[in-house]
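**Q** My structure is stored as query39.cif, with mmCIF, C-alpha atoms.
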data_query
#
loop_
_atom_site.group_PDB
_atom_site.id
_atom_site.type_symbol
_atom_site.label_atom_id
_atom_site.label_comp_id
_atom_site.auth_asym_id
_atom_site.auth_seq_id
_atom_site.Cartn_x
_atom_site.Cartn_y
_atom_site.Cartn_z
ATOM 1 C CA MET A 779 -82.320 -171.747 -167.975
ATOM 2 C CA ALA A 780 -79.348 -173.359 -166.235
ATOM 3 C CA ASP A 781 -78.017 -175.328 -169.233
ATOM 4 C CA SER A 782 -79.740 -174.321 -172.442
ATOM 5 C CA LYS A 783 -77.201 -176.144 -174.609
ATOM 6 C CA TYR A 784 -78.621 -179.401 -175.986
ATOM 7 C CA LYS A 785 -76.562 -182.390 -174.870
ATOM 8 C CA PRO A 786 -77.297 -185.654 -176.723
ATOM 9 C CA ALA A 787 -78.167 -188.799 -174.759
ATOM 10 C CA PRO A 788 -78.608 -192.435 -175.875
ATOM 11 C CA LEU A 789 -82.394 -192.037 -176.011
ATOM 12 C CA ALA A 790 -82.436 -188.430 -177.212
ATOM 13 C CA THR A 791 -80.056 -187.969 -180.098
ATOM 14 C CA LEU A 792 -78.750 -184.714 -181.520
ATOM 15 C CA PRO A 793 -81.045 -183.283 -184.182
ATOM 16 C CA SER A 794 -79.436 -182.887 -187.577
ATOM 17 C CA THR A 795 -79.836 -179.121 -187.441
ATOM 18 C CA LEU A 796 -77.552 -178.935 -184.404
ATOM 19 C CA ASN A 797 -75.033 -181.440 -185.749
ATOM 20 C CA PRO A 798 -72.058 -179.658 -187.380
ATOM 21 C CA ALA A 799 -71.182 -182.833 -189.289
ATOM 22 C CA LYS A 800 -74.335 -182.433 -191.356
ATOM 23 C CA TYR A 801 -73.159 -179.041 -192.592
ATOM 24 C CA ASP A 802 -69.968 -180.572 -193.909
ATOM 25 C CA LEU A 803 -69.927 -180.205 -197.682
ATOM 26 C CA SER A 804 -66.355 -181.279 -198.372
ATOM 27 C CA LEU A 805 -65.524 -183.467 -201.340
ATOM 28 C CA GLU A 806 -64.999 -186.641 -199.298
ATOM 29 C CA THR A 807 -68.337 -186.400 -197.536
ATOM 30 C CA ARG A 808 -70.093 -185.668 -200.808
ATOM 31 C CA LYS A 809 -68.407 -188.666 -202.442
ATOM 32 C CA ALA A 810 -69.391 -190.861 -199.515
ATOM 33 C CA GLN A 811 -72.978 -189.660 -199.744
ATOM 34 C CA ILE A 812 -73.009 -190.344 -203.473
ATOM 35 C CA GLU A 813 -71.657 -193.860 -202.953
ATOM 36 C CA ARG A 814 -74.295 -194.621 -200.337
ATOM 37 C CA LEU A 815 -76.981 -193.232 -202.580
ATOM 38 C CA SER A 816 -75.802 -195.355 -205.497
ATOM 39 C CA ILE A 817 -75.959 -198.510 -203.362
ATOM 40 C CA ARG A 818 -79.447 -197.542 -202.278
ATOM 41 C CA ALA A 819 -80.485 -196.813 -205.845
ATOM 42 C CA ARG A 820 -79.208 -200.178 -207.042
ATOM 43 C CA LEU A 821 -81.136 -202.005 -204.347
ATOM 44 C CA LYS A 822 -84.218 -199.912 -205.069
ATOM 45 C CA LEU A 823 -84.051 -200.808 -208.755
ATOM 46 C CA GLU A 824 -83.654 -204.488 -207.951
ATOM 47 C CA TYR A 825 -86.592 -204.384 -205.588
ATOM 48 C CA LEU A 826 -88.914 -202.427 -207.835
ATOM 49 C CA LEU A 827 -88.189 -204.616 -210.848
ATOM 50 C CA GLN A 828 -89.205 -207.672 -208.846
ATOM 51 C CA TYR A 829 -92.099 -205.907 -207.165
ATOM 52 C CA ASN A 830 -93.688 -204.717 -210.396
ATOM 53 C CA ASP A 831 -92.934 -207.830 -212.418
ATOM 54 C CA PRO A 832 -96.341 -209.115 -213.594
ATOM 55 C CA LYS A 833 -95.062 -212.697 -213.842
ATOM 56 C CA ARG A 834 -93.822 -212.842 -210.259
ATOM 57 C CA GLN A 835 -95.702 -215.448 -208.243
ATOM 58 C CA MET A 836 -93.759 -215.690 -205.009
ATOM 59 C CA HIS A 837 -92.581 -213.221 -202.385
ATOM 60 C CA ILE A 838 -89.432 -211.167 -202.898
ATOM 61 C CA GLU A 839 -86.654 -212.821 -200.948
ATOM 62 C CA ASP A 840 -84.917 -210.232 -198.796
ATOM 63 C CA ALA A 841 -81.259 -211.011 -198.128
ATOM 64 C CA ALA A 842 -81.113 -208.413 -195.349
ATOM 65 C CA LEU A 843 -83.899 -210.154 -193.439
ATOM 66 C CA ILE A 844 -82.222 -213.543 -193.811
ATOM 67 C CA HIS A 845 -78.907 -212.049 -192.651
ATOM 68 C CA TRP A 846 -80.580 -210.488 -189.625
ATOM 69 C CA ALA A 847 -82.446 -213.607 -188.597
ATOM 70 C CA TYR A 848 -79.464 -215.882 -189.192
ATOM 71 C CA ALA A 849 -77.046 -213.600 -187.336
ATOM 72 C CA ARG A 850 -79.351 -213.377 -184.338
ATOM 73 C CA SER A 851 -80.067 -217.092 -184.076
ATOM 74 C CA THR A 852 -77.799 -219.607 -185.800
ATOM 75 C CA ASN A 853 -74.674 -217.473 -185.993
ATOM 76 C CA ILE A 854 -74.406 -216.790 -182.257
ATOM 77 C CA TYR A 855 -73.034 -220.093 -181.021
ATOM 78 C CA PRO A 856 -70.288 -220.528 -183.672
ATOM 79 C CA ASN A 857 -68.938 -217.107 -182.758
ATOM 80 C CA PHE A 858 -69.319 -217.548 -179.023
ATOM 81 C CA ARG A 859 -66.155 -217.735 -176.989
ATOM 82 C CA PRO A 860 -66.161 -218.001 -173.182
ATOM 83 C CA THR A 861 -64.592 -214.885 -171.668
ATOM 84 C CA PRO A 862 -64.506 -213.849 -167.990
ATOM 85 C CA LYS A 863 -67.310 -211.353 -168.542
ATOM 86 C CA ASN A 864 -69.427 -213.842 -170.513
ATOM 87 C CA SER A 865 -68.958 -216.586 -167.950
ATOM 88 C CA LEU A 866 -69.731 -214.283 -165.033
ATOM 89 C CA LEU A 867 -72.885 -213.085 -166.754
ATOM 90 C CA GLY A 868 -73.913 -216.675 -167.435
ATOM 91 C CA VAL A 869 -73.390 -217.718 -163.839
ATOM 92 C CA VAL A 870 -75.301 -214.713 -162.514
ATOM 93 C CA ALA A 871 -78.207 -215.257 -164.891
ATOM 94 C CA ALA A 872 -78.371 -218.990 -164.215
ATOM 95 C CA PHE A 873 -77.881 -219.145 -160.449
ATOM 96 C CA GLY A 874 -78.782 -215.663 -159.314
ATOM 97 C CA PRO A 875 -82.571 -216.034 -159.520
ATOM 98 C CA LEU A 876 -82.463 -219.463 -157.885
ATOM 99 C CA ILE A 877 -80.432 -218.242 -154.919
ATOM 100 C CA PHE A 878 -82.441 -215.050 -154.603
ATOM 101 C CA TRP A 879 -85.846 -216.753 -154.615
ATOM 102 C CA TYR A 880 -84.568 -219.485 -152.322
ATOM 103 C CA TYR A 881 -83.743 -216.897 -149.667
ATOM 104 C CA VAL A 882 -86.938 -214.947 -150.214
ATOM 105 C CA PHE A 883 -89.184 -217.991 -149.846
ATOM 106 C CA LYS A 884 -87.169 -219.476 -147.027
ATOM 107 C CA THR A 885 -87.271 -216.362 -144.863
ATOM 108 C CA ASP A 886 -90.956 -215.793 -145.579
ATOM 109 C CA ARG A 887 -91.938 -219.368 -144.751
ATOM 110 C CA ASP A 888 -89.741 -219.490 -141.658
ATOM 111 C CA ARG A 889 -91.362 -216.293 -140.405
ATOM 112 C CA LYS A 890 -94.823 -217.732 -141.038
ATOM 113 C CA GLU A 891 -93.884 -221.015 -139.378
ATOM 114 C CA ASN A 892 -92.670 -219.169 -136.276
ATOM 115 C CA LEU A 893 -95.912 -217.212 -136.110
ATOM 116 C CA ILE A 894 -97.938 -220.416 -136.377
ATOM 117 C CA GLN A 895 -95.917 -222.105 -133.665
ATOM 118 C CA GLU A 896 -96.479 -219.136 -131.408
ATOM 119 C CA GLY A 897 -100.161 -219.194 -132.362
ATOM 120 C CA LYS A 898 -100.137 -215.615 -133.573
ATOM 121 C CA LEU A 899 -101.258 -216.228 -137.175
ATOM 122 C CA ASP A 900 -104.994 -215.986 -137.931
ATOM 123 C CA ARG A 901 -105.640 -219.139 -139.992
ATOM 124 C CA THR A 902 -109.457 -218.873 -139.936
ATOM 125 C CA PHE A 903 -110.210 -219.126 -143.659
ATOM 126 C CA LYS A 904 -106.957 -220.554 -144.997
ATOM 127 C CA LEU A 905 -107.168 -223.838 -146.880
ATOM 128 C CA SER A 906 -103.415 -224.340 -147.139
ATOM 129 C CA TYR A 907 -101.174 -223.587 -144.211
ATOM 130 C CA MET E 406 -98.439 -228.092 -228.385
ATOM 131 C CA ALA E 407 -98.488 -229.432 -224.863
ATOM 132 C CA ALA E 408 -95.258 -231.332 -225.507
ATOM 133 C CA ALA E 409 -93.503 -228.179 -226.835
ATOM 134 C CA GLY E 410 -94.737 -226.181 -223.838
ATOM 135 C CA ALA E 411 -93.544 -228.866 -221.486
ATOM 136 C CA ALA E 412 -90.148 -228.946 -223.212
ATOM 137 C CA VAL E 413 -89.724 -225.178 -222.810
ATOM 138 C CA LEU E 414 -90.753 -225.351 -219.161
ATOM 139 C CA GLY E 415 -88.458 -228.299 -218.658
ATOM 140 C CA ALA E 416 -85.494 -226.448 -220.179
ATOM 141 C CA ARG E 417 -86.119 -223.385 -218.034
ATOM 142 C CA TRP E 418 -86.555 -225.507 -214.919
ATOM 143 C CA LEU E 419 -83.322 -227.280 -215.697
ATOM 144 C CA ARG E 420 -81.419 -224.029 -216.071
ATOM 145 C CA ARG E 421 -82.806 -222.662 -212.822
ATOM 146 C CA ALA E 422 -82.026 -225.849 -210.978
ATOM 147 C CA THR E 423 -78.403 -225.947 -212.126
ATOM 148 C CA ARG E 424 -77.840 -222.287 -211.269
ATOM 149 C CA GLY E 425 -77.183 -223.096 -207.642
ATOM 150 C CA VAL E 426 -74.801 -225.918 -206.777
ATOM 151 C CA VAL E 427 -77.514 -228.540 -206.504
ATOM 152 C CA PRO E 428 -77.571 -231.907 -208.213
ATOM 153 C CA LEU E 429 -79.716 -232.347 -211.298
ATOM 154 C CA GLY E 430 -83.397 -232.706 -210.491
ATOM 155 C CA ALA E 431 -83.190 -231.275 -207.004
ATOM 156 C CA ARG E 432 -84.546 -227.825 -206.145
ATOM 157 C CA THR E 433 -83.828 -226.203 -202.813
ATOM 158 C CA ALA E 434 -86.123 -223.572 -201.418
ATOM 159 C CA PHE E 435 -83.175 -221.571 -200.082
ATOM 160 C CA HIS E 436 -80.994 -219.829 -202.630
ATOM 161 C CA MET E 437 -78.224 -218.445 -200.457
ATOM 162 C CA THR E 438 -74.824 -220.064 -200.241
ATOM 163 C CA LYS E 439 -72.741 -220.258 -197.091
ATOM 164 C CA ASP E 440 -70.575 -217.262 -198.055
ATOM 165 C CA MET E 441 -73.677 -215.100 -198.495
ATOM 166 C CA LEU E 442 -74.754 -215.696 -194.885
ATOM 167 C CA PRO E 443 -73.324 -213.900 -191.838
ATOM 168 C CA GLY E 444 -70.060 -215.433 -190.710
ATOM 169 C CA PRO E 445 -67.288 -215.024 -188.149
ATOM 170 C CA TYR E 446 -65.549 -211.791 -187.194
ATOM 171 C CA PRO E 447 -63.518 -210.476 -190.156
ATOM 172 C CA ARG E 448 -59.797 -210.430 -189.490
ATOM 173 C CA THR E 449 -58.148 -209.457 -192.770
ATOM 174 C CA PRO E 450 -58.968 -206.376 -194.856
ATOM 175 C CA GLU E 451 -60.204 -208.664 -197.650
ATOM 176 C CA GLU E 452 -62.659 -210.289 -195.280
ATOM 177 C CA ARG E 453 -63.836 -206.850 -194.206
ATOM 178 C CA ALA E 454 -64.324 -205.779 -197.806
ATOM 179 C CA ALA E 455 -66.232 -208.959 -198.593
ATOM 180 C CA ALA E 456 -68.401 -208.529 -195.501
ATOM 181 C CA ALA E 457 -69.112 -204.900 -196.406
ATOM 182 C CA LYS E 458 -70.179 -205.982 -199.882
ATOM 183 C CA LYS E 459 -72.349 -208.736 -198.435
ATOM 184 C CA TYR E 460 -74.194 -206.296 -196.189
ATOM 185 C CA ASN E 461 -74.547 -203.622 -198.913
ATOM 186 C CA LEU E 462 -72.373 -201.133 -197.055
ATOM 187 C CA ARG E 463 -69.397 -199.029 -198.044
ATOM 188 C CA VAL E 464 -66.089 -200.477 -196.858
ATOM 189 C CA GLU E 465 -65.476 -197.297 -194.848
ATOM 190 C CA ASP E 466 -68.966 -197.449 -193.291
ATOM 191 C CA TYR E 467 -68.650 -201.117 -192.311
ATOM 192 C CA GLU E 468 -67.796 -201.506 -188.644
ATOM 193 C CA PRO E 469 -68.299 -204.962 -187.083
ATOM 194 C CA TYR E 470 -69.163 -205.416 -183.425
ATOM 195 C CA PRO E 471 -66.037 -205.745 -181.274
ATOM 196 C CA ASP E 472 -64.820 -209.318 -181.073
ATOM 197 C CA ASP E 473 -65.564 -210.097 -177.417
ATOM 198 C CA GLY E 474 -66.938 -213.570 -177.905
ATOM 199 C CA THR E 475 -70.596 -212.634 -177.430
ATOM 200 C CA GLY E 476 -71.538 -214.078 -180.822
ATOM 201 C CA HIS E 477 -72.091 -211.072 -183.071
ATOM 202 C CA GLY E 478 -69.767 -212.394 -185.771
ATOM 203 C CA ASP E 479 -69.294 -210.069 -188.702
ATOM 204 C CA TYR E 480 -72.658 -208.359 -188.412
ATOM 205 C CA PRO E 481 -72.181 -204.590 -188.845
ATOM 206 C CA LYS E 482 -72.597 -202.194 -185.961
ATOM 207 C CA LEU E 483 -75.025 -199.601 -187.257
ATOM 208 C CA PRO E 484 -75.751 -196.351 -185.364
ATOM 209 C CA ASP E 485 -78.216 -196.899 -182.516
ATOM 210 C CA ARG E 486 -81.033 -194.852 -183.992
ATOM 211 C CA SER E 487 -84.684 -195.767 -183.871
ATOM 212 C CA GLN E 488 -86.767 -196.012 -187.036
ATOM 213 C CA GLN E 489 -88.821 -193.078 -185.815
ATOM 214 C CA GLU E 490 -85.878 -190.798 -186.596
ATOM 215 C CA ARG E 491 -85.921 -191.631 -190.287
ATOM 216 C CA ASP E 492 -87.444 -189.354 -192.887
ATOM 217 C CA PRO E 493 -91.232 -189.809 -192.832
ATOM 218 C CA TRP E 494 -91.661 -188.326 -196.298
ATOM 219 C CA TYR E 495 -89.294 -190.606 -198.230
ATOM 220 C CA GLU E 496 -90.791 -193.560 -200.115
ATOM 221 C CA TRP E 497 -89.474 -196.437 -198.056
ATOM 222 C CA ASP E 498 -90.004 -199.941 -199.427
ATOM 223 C CA HIS E 499 -91.467 -200.982 -196.057
ATOM 224 C CA SER E 500 -93.278 -197.845 -195.029
ATOM 225 C CA ASP E 501 -94.163 -198.771 -191.447
ATOM 226 C CA LEU E 502 -90.654 -199.968 -190.698
ATOM 227 C CA ARG E 503 -89.089 -197.029 -192.571
ATOM 228 C CA LEU E 504 -86.717 -199.539 -194.114
ATOM 229 C CA ASN E 505 -85.617 -200.341 -197.638
ATOM 230 C CA TRP E 506 -85.357 -203.794 -199.190
ATOM 231 C CA GLY E 507 -81.812 -205.095 -198.972
ATOM 232 C CA GLU E 508 -80.781 -202.496 -196.394
ATOM 233 C CA THR E 509 -78.930 -204.136 -193.513
ATOM 234 C CA MET E 510 -81.200 -204.197 -190.486
ATOM 235 C CA HIS E 511 -79.918 -202.989 -187.159
ATOM 236 C CA TRP E 512 -79.098 -205.821 -184.750
ATOM 237 C CA ASP E 513 -81.797 -204.442 -182.446
ATOM 238 C CA LEU E 514 -84.295 -203.558 -185.159
ATOM 239 C CA ASP E 515 -87.120 -205.278 -183.330
ATOM 240 C CA MET E 516 -86.440 -202.890 -180.456
ATOM 241 C CA TYR E 517 -86.110 -199.799 -182.646
ATOM 242 C CA ILE E 518 -89.408 -200.120 -184.509
ATOM 243 C CA ARG E 519 -91.751 -197.196 -184.186
ATOM 244 C CA ASN E 520 -93.961 -198.892 -181.635
ATOM 245 C CA ARG E 521 -91.078 -199.392 -179.229
ATOM 246 C CA VAL E 522 -87.892 -197.569 -178.244
ATOM 247 C CA ASP E 523 -87.597 -194.122 -179.756
ATOM 248 C CA THR E 524 -84.304 -192.260 -179.868
ATOM 249 C CA SER E 525 -85.498 -189.152 -181.686
ATOM 250 C CA PRO E 526 -84.320 -185.764 -180.423
ATOM 251 C CA THR E 527 -86.374 -184.258 -177.616
ATOM 252 C CA PRO E 528 -87.294 -180.561 -177.406
ATOM 253 C CA VAL E 529 -85.270 -180.234 -174.212
ATOM 254 C CA SER E 530 -82.032 -182.015 -173.406
ATOM 255 C CA TRP E 531 -82.402 -185.378 -171.605
ATOM 256 C CA HIS E 532 -80.429 -184.233 -168.573
ATOM 257 C CA VAL E 533 -82.614 -181.153 -168.166
ATOM 258 C CA MET E 534 -85.762 -183.298 -168.376
ATOM 259 C CA CYS E 535 -84.404 -185.736 -165.784
ATOM 260 C CA LYS E 536 -83.452 -182.895 -163.468
ATOM 261 C CA HIS E 537 -86.870 -181.263 -163.741
ATOM 262 C CA LEU E 538 -88.824 -184.482 -163.233
ATOM 263 C CA PHE E 539 -86.822 -185.981 -160.393
ATOM 264 C CA GLY E 540 -86.377 -182.586 -158.803
ATOM 265 C CA PHE E 541 -90.135 -182.065 -158.718
ATOM 266 C CA VAL E 542 -90.841 -185.572 -157.451
ATOM 267 C CA ALA E 543 -88.138 -185.280 -154.782
ATOM 268 C CA PHE E 544 -89.447 -181.893 -153.686
ATOM 269 C CA MET E 545 -93.006 -183.164 -153.394
ATOM 270 C CA ALA E 546 -91.873 -186.242 -151.481
ATOM 271 C CA PHE E 547 -89.893 -184.059 -149.112
ATOM 272 C CA MET E 548 -92.865 -181.756 -148.543
ATOM 273 C CA PHE E 549 -95.185 -184.686 -147.842
ATOM 274 C CA TRP E 550 -92.661 -186.082 -145.375
ATOM 275 C CA VAL E 551 -92.428 -182.727 -143.610
ATOM 276 C CA GLY E 552 -96.221 -182.549 -143.538
ATOM 277 C CA ALA E 553 -96.383 -186.001 -141.969
ATOM 278 C CA ILE E 554 -93.998 -184.970 -139.206
ATOM 279 C CA PHE E 555 -95.681 -181.606 -138.535
ATOM 280 C CA PRO E 556 -99.367 -182.214 -139.243
ATOM 281 C CA SER E 557 -101.540 -179.169 -139.550
ATOM 282 C CA TYR E 558 -105.328 -179.373 -139.035
ATOM 283 C CA GLN E 559 -108.203 -177.525 -137.379
ATOM 284 C CA PRO E 560 -108.338 -177.898 -133.583
ATOM 285 C CA VAL E 561 -110.447 -180.943 -132.576
ATOM 286 C CA GLY E 562 -111.831 -182.214 -129.315
ATOM 287 C CA PRO E 563 -113.390 -185.527 -128.230
ATOM 288 C CA LYS E 564 -116.792 -186.297 -129.770
ATOM 289 C CA GLN E 565 -119.733 -185.328 -127.590
ATOM 290 C CA TYR E 566 -122.614 -187.881 -127.551
ATOM 291 C CA PRO E 567 -126.164 -186.996 -126.431
ATOM 292 C CA TYR E 568 -128.478 -188.836 -123.946
ATOM 293 C CA ASN E 569 -125.918 -188.897 -121.174
ATOM 294 C CA ASN E 570 -123.190 -190.237 -123.376
ATOM 295 C CA LEU E 571 -125.603 -192.766 -124.988
ATOM 296 C CA TYR E 572 -126.226 -194.501 -121.691
ATOM 297 C CA LEU E 573 -129.135 -196.689 -122.856
ATOM 298 C CA GLU E 574 -127.639 -197.450 -126.300
ATOM 299 C CA ARG E 575 -124.487 -198.676 -124.653
ATOM 300 C CA GLY E 576 -126.406 -201.240 -122.636
ATOM 301 C CA GLY E 577 -127.035 -199.186 -119.525
ATOM 302 C CA ASP E 578 -129.646 -200.379 -117.006
ATOM 303 C CA PRO E 579 -133.003 -198.621 -117.862
ATOM 304 C CA THR E 580 -134.244 -198.815 -114.246
ATOM 305 C CA LYS E 581 -131.212 -197.041 -112.869
ATOM 306 C CA GLU E 582 -130.663 -193.324 -113.161
ATOM 307 C CA PRO E 583 -127.537 -192.482 -115.302
ATOM 308 C CA GLU E 584 -125.113 -189.820 -114.209
ATOM 309 C CA GLN E 585 -125.901 -186.568 -115.943
ATOM 310 C CA VAL E 586 -123.441 -185.615 -118.689
ATOM 311 C CA VAL E 587 -123.627 -181.979 -119.743
ATOM 312 C CA HIS E 588 -121.601 -180.792 -122.735
ATOM 313 C CA TYR E 589 -122.424 -177.085 -122.590
ATOM 314 C CA GLU E 590 -121.801 -174.137 -120.358
ATOM 315 C CA ILE E 591 -124.128 -171.251 -120.008
#
Before anything else, please render the file you have as structure tokens.
**A**
Amino acid sequence: MADSKYKPAPLATLPSTLNPAKYDLSLETRKAQIERLSIRARLKLEYLLQYNDPKRQMHIEDAALIHWAYARSTNIYPNFRPTPKNSLLGVVAAFGPLIFWYYVFKTDRDRKENLIQEGKLDRTFKLSY
Amino acid sequence: MAAAGAAVLGARWLRRATRGVVPLGARTAFHMTKDMLPGPYPRTPEERAAAAKKYNLRVEDYEPYPDDGTGHGDYPKLPDRSQQERDPWYEWDHSDLRLNWGETMHWDLDMYIRNRVDTSPTPVSWHVMCKHLFGFVAFMAFMFWVGAIFPSYQPVGPKQYPYNNLYLERGGDPTKEPEQVVHYEI
């Protein structure tokens, strides 16, 4: 094999067995892992208490879902700020398709019109021109 | 009996109603306050700590999207991993999404669900796969192009028709004698 060493890519990440960071057992990493686990355990407890509560009538409101939906919809415009890159992207997205399709249709129709004028187009079964 | 029950319910209802900052007698369906919702990009360390707490992350793990005016706000930038990569044997709260309740969702979660984009490790490196695939396709295309330029087939000659080159079938005069066409040599 030319390159048998696994190189990670955006759509093919490094497996944990090849990642040296996962073999790190220092005190800081362990403490970090414990902190993350304690957050997860707290949320799990909260969820399971509500889930298994026999007197619960309504759905369990998920703050993470509300955050996600809010951040992706309502929170975009307040945090939007026109920058050169933003504005360029906006202009391209707004006017690019219009200009592109204008030229495509124009050249196609002009070519067809020229053929019709010269009498070269077979219009036997065409209802429109 | 009914009056006592109603009084208890009324007291509990009253307590629940006044828990949020709503006027007496009003009940909103939504129980989150403005500070609990995503907000603008955090500038001070206190804002970062508050945002990390809001999103149930460690302060060290919390990394907001860079502030380039595209509207992300203080939403955390989580690693771009698909849900397919997560442990299939752990008891997730939402088993098909491999997600826990209260766990901050990735900005592109709807893209990273298991039915869609998958970032899990491949048996062979991505670059090797690309090289093999495009190399093969390019080679085949090249070979077909060469074959189009230098075609190779069995030797052929013009088709030989019987009955004097189909004289009558081609509208020849039946009274006249056609010229004899002979396709063989003895």
**Q** Would you mind telling me which residue in A:Leu867, A:Ala790, A:Leu843, A:Leu821 lies nearest to Trp512 of chain E when using only C-alpha atoms?
**A**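 Smallest separation from Trp512 of chain E among the options: A:Leu843.
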**Q** Using all atoms listed in the file, which residues of chain E come within 10 Å of chain A, and what is the closest atom pair for each, with the distance in Å to one decimal? Give it as JSON lines, sorted by chain and residue number.
**A**
{"residue": "E:Phe435", "atom": "CA", "partner": "A:Glu839", "partner_atom": "CA", "distance": 9.5}
{"residue": "E:His436", "atom": "CA", "partner": "A:Glu839", "partner_atom": "CA", "distance": 9.2}
{"residue": "E:Met437", "atom": "CA", "partner": "A:Ala841", "partner_atom": "CA", "distance": 8.4}
{"residue": "E:Met441", "atom": "CA", "partner": "A:His845", "partner_atom": "CA", "distance": 8.4}
{"residue": "E:Leu442", "atom": "CA", "partner": "A:His845", "partner_atom": "CA", "distance": 6.0}
{"residue": "E:Pro443", "atom": "CA", "partner": "A:Ala849", "partner_atom": "CA", "distance": 5.8}
{"residue": "E:Gly444", "atom": "CA", "partner": "A:Asn853", "partner_atom": "CA", "distance": 6.9}
{"residue": "E:Pro445", "atom": "CA", "partner": "A:Asn857", "partner_atom": "CA", "distance": 6.0}
{"residue": "E:Tyr446", "atom": "CA", "partner": "A:Asn857", "partner_atom": "CA", "distance": 7.7}
{"residue": "E:Lys459", "atom": "CA", "partner": "A:Ala841", "partner_atom": "CA", "distance": 9.2}
{"residue": "E:Tyr460", "atom": "CA", "partner": "A:Ala842", "partner_atom": "CA", "distance": 7.3}
{"residue": "E:Asn461", "atom": "CA", "partner": "A:Ile817", "partner_atom": "CA", "distance": 6.9}
{"residue": "E:Leu462", "atom": "CA", "partner": "A:Arg814", "partner_atom": "CA", "distance": 7.5}
{"residue": "E:Arg463", "atom": "CA", "partner": "A:Arg814", "partner_atom": "CA", "distance": 7.0}
{"residue": "E:Glu465", "atom": "CA", "partner": "A:Ala810", "partner_atom": "CA", "distance": 8.9}
{"residue": "E:Asp466", "atom": "CA", "partner": "A:Ala810", "partner_atom": "CA", "distance": 9.1}
{"residue": "E:Asp472", "atom": "CA", "partner": "A:Asn857", "partner_atom": "CA", "distance": 9.0}
{"residue": "E:Asp473", "atom": "CA", "partner": "A:Thr861", "partner_atom": "CA", "distance": 7.5}
{"residue": "E:Gly474", "atom": "CA", "partner": "A:Arg859", "partner_atom": "CA", "distance": 4.3}
{"residue": "E:Thr475", "atom": "CA", "partner": "A:Phe858", "partner_atom": "CA", "distance": 5.3}
{"residue": "E:Gly476", "atom": "CA", "partner": "A:Ile854", "partner_atom": "CA", "distance": 4.2}
{"residue": "E:His477", "atom": "CA", "partner": "A:Ile854", "partner_atom": "CA", "distance": 6.2}
{"residue": "E:Gly478", "atom": "CA", "partner": "A:Asn857", "partner_atom": "CA", "distance": 5.7}
{"residue": "E:Asp479", "atom": "CA", "partner": "A:Ala849", "partner_atom": "CA", "distance": 8.6}
{"residue": "E:Tyr480", "atom": "CA", "partner": "A:Ala849", "partner_atom": "CA", "distance": 6.9}
{"residue": "E:Asp485", "atom": "CA", "partner": "A:Pro788", "partner_atom": "CA", "distance": 8.0}
{"residue": "E:Arg486", "atom": "CA", "partner": "A:Thr791", "partner_atom": "CA", "distance": 8.0}
{"residue": "E:Ser487", "atom": "CA", "partner": "A:Leu789", "partner_atom": "CA", "distance": 9.0}
{"residue": "E:Glu490", "atom": "CA", "partner": "A:Thr791", "partner_atom": "CA", "distance": 9.2}
{"residue": "E:Trp497", "atom": "CA", "partner": "A:Lys822", "partner_atom": "CA", "distance": 9.4}
{"residue": "E:Asp498", "atom": "CA", "partner": "A:Lys822", "partner_atom": "CA", "distance": 8.1}
{"residue": "E:Asn505", "atom": "CA", "partner": "A:Lys822", "partner_atom": "CA", "distance": 7.6}
{"residue": "E:Trp506", "atom": "CA", "partner": "A:Asp840", "partner_atom": "CA", "distance": 6.5}
{"residue": "E:Gly507", "atom": "CA", "partner": "A:Ala842", "partner_atom": "CA", "distance": 5.0}
{"residue": "E:Glu508", "atom": "CA", "partner": "A:Ala842", "partner_atom": "CA", "distance": 6.0}
{"residue": "E:Thr509", "atom": "CA", "partner": "A:Ala842", "partner_atom": "CA", "distance": 5.1}
{"residue": "E:Met510", "atom": "CA", "partner": "A:Trp846", "partner_atom": "CA", "distance": 6.4}
{"residue": "E:His511", "atom": "CA", "partner": "A:Trp846", "partner_atom": "CA", "distance": 7.9}
{"residue": "E:Trp512", "atom": "CA", "partner": "A:Trp846", "partner_atom": "CA", "distance": 6.9}
{"residue": "E:Asp513", "atom": "CA", "partner": "A:Arg850", "partner_atom": "CA", "distance": 9.5}
{"residue": "E:Leu514", "atom": "CA", "partner": "A:Trp846", "partner_atom": "CA", "distance": 9.0}
{"residue": "E:Val522", "atom": "CA", "partner": "A:Leu789", "partner_atom": "CA", "distance": 8.1}
{"residue": "E:Asp523", "atom": "CA", "partner": "A:Leu789", "partner_atom": "CA", "distance": 6.7}
{"residue": "E:Thr524", "atom": "CA", "partner": "A:Leu789", "partner_atom": "CA", "distance": 4.3}
{"residue": "E:Ser525", "atom": "CA", "partner": "A:Ala790", "partner_atom": "CA", "distance": 5.5}
{"residue": "E:Pro526", "atom": "CA", "partner": "A:Ala790", "partner_atom": "CA", "distance": 4.6}
{"residue": "E:Thr527", "atom": "CA", "partner": "A:Ala790", "partner_atom": "CA", "distance": 5.8}
{"residue": "E:Pro528", "atom": "CA", "partner": "A:Tyr784", "partner_atom": "CA", "distance": 8.9}
{"residue": "E:Val529", "atom": "CA", "partner": "A:Tyr784", "partner_atom": "CA", "distance": 6.9}
{"residue": "E:Ser530", "atom": "CA", "partner": "A:Tyr784", "partner_atom": "CA", "distance": 5.0}
{"residue": "E:Trp531", "atom": "CA", "partner": "A:Ala787", "partner_atom": "CA", "distance": 6.3}
{"residue": "E:His532", "atom": "CA", "partner": "A:Lys785", "partner_atom": "CA", "distance": 7.6}
{"residue": "E:Val533", "atom": "CA", "partner": "A:Asp781", "partner_atom": "CA", "distance": 7.5}
**Q** Would you compute the distance between atom CA of Asp440 of chain E and atom CA of Tyr517 of chain E? Give it in Å to one decimal.
**A**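 Between atom CA of Asp440 of chain E and atom CA of Tyr517 of chain E the gap works out to 28.0 Å.
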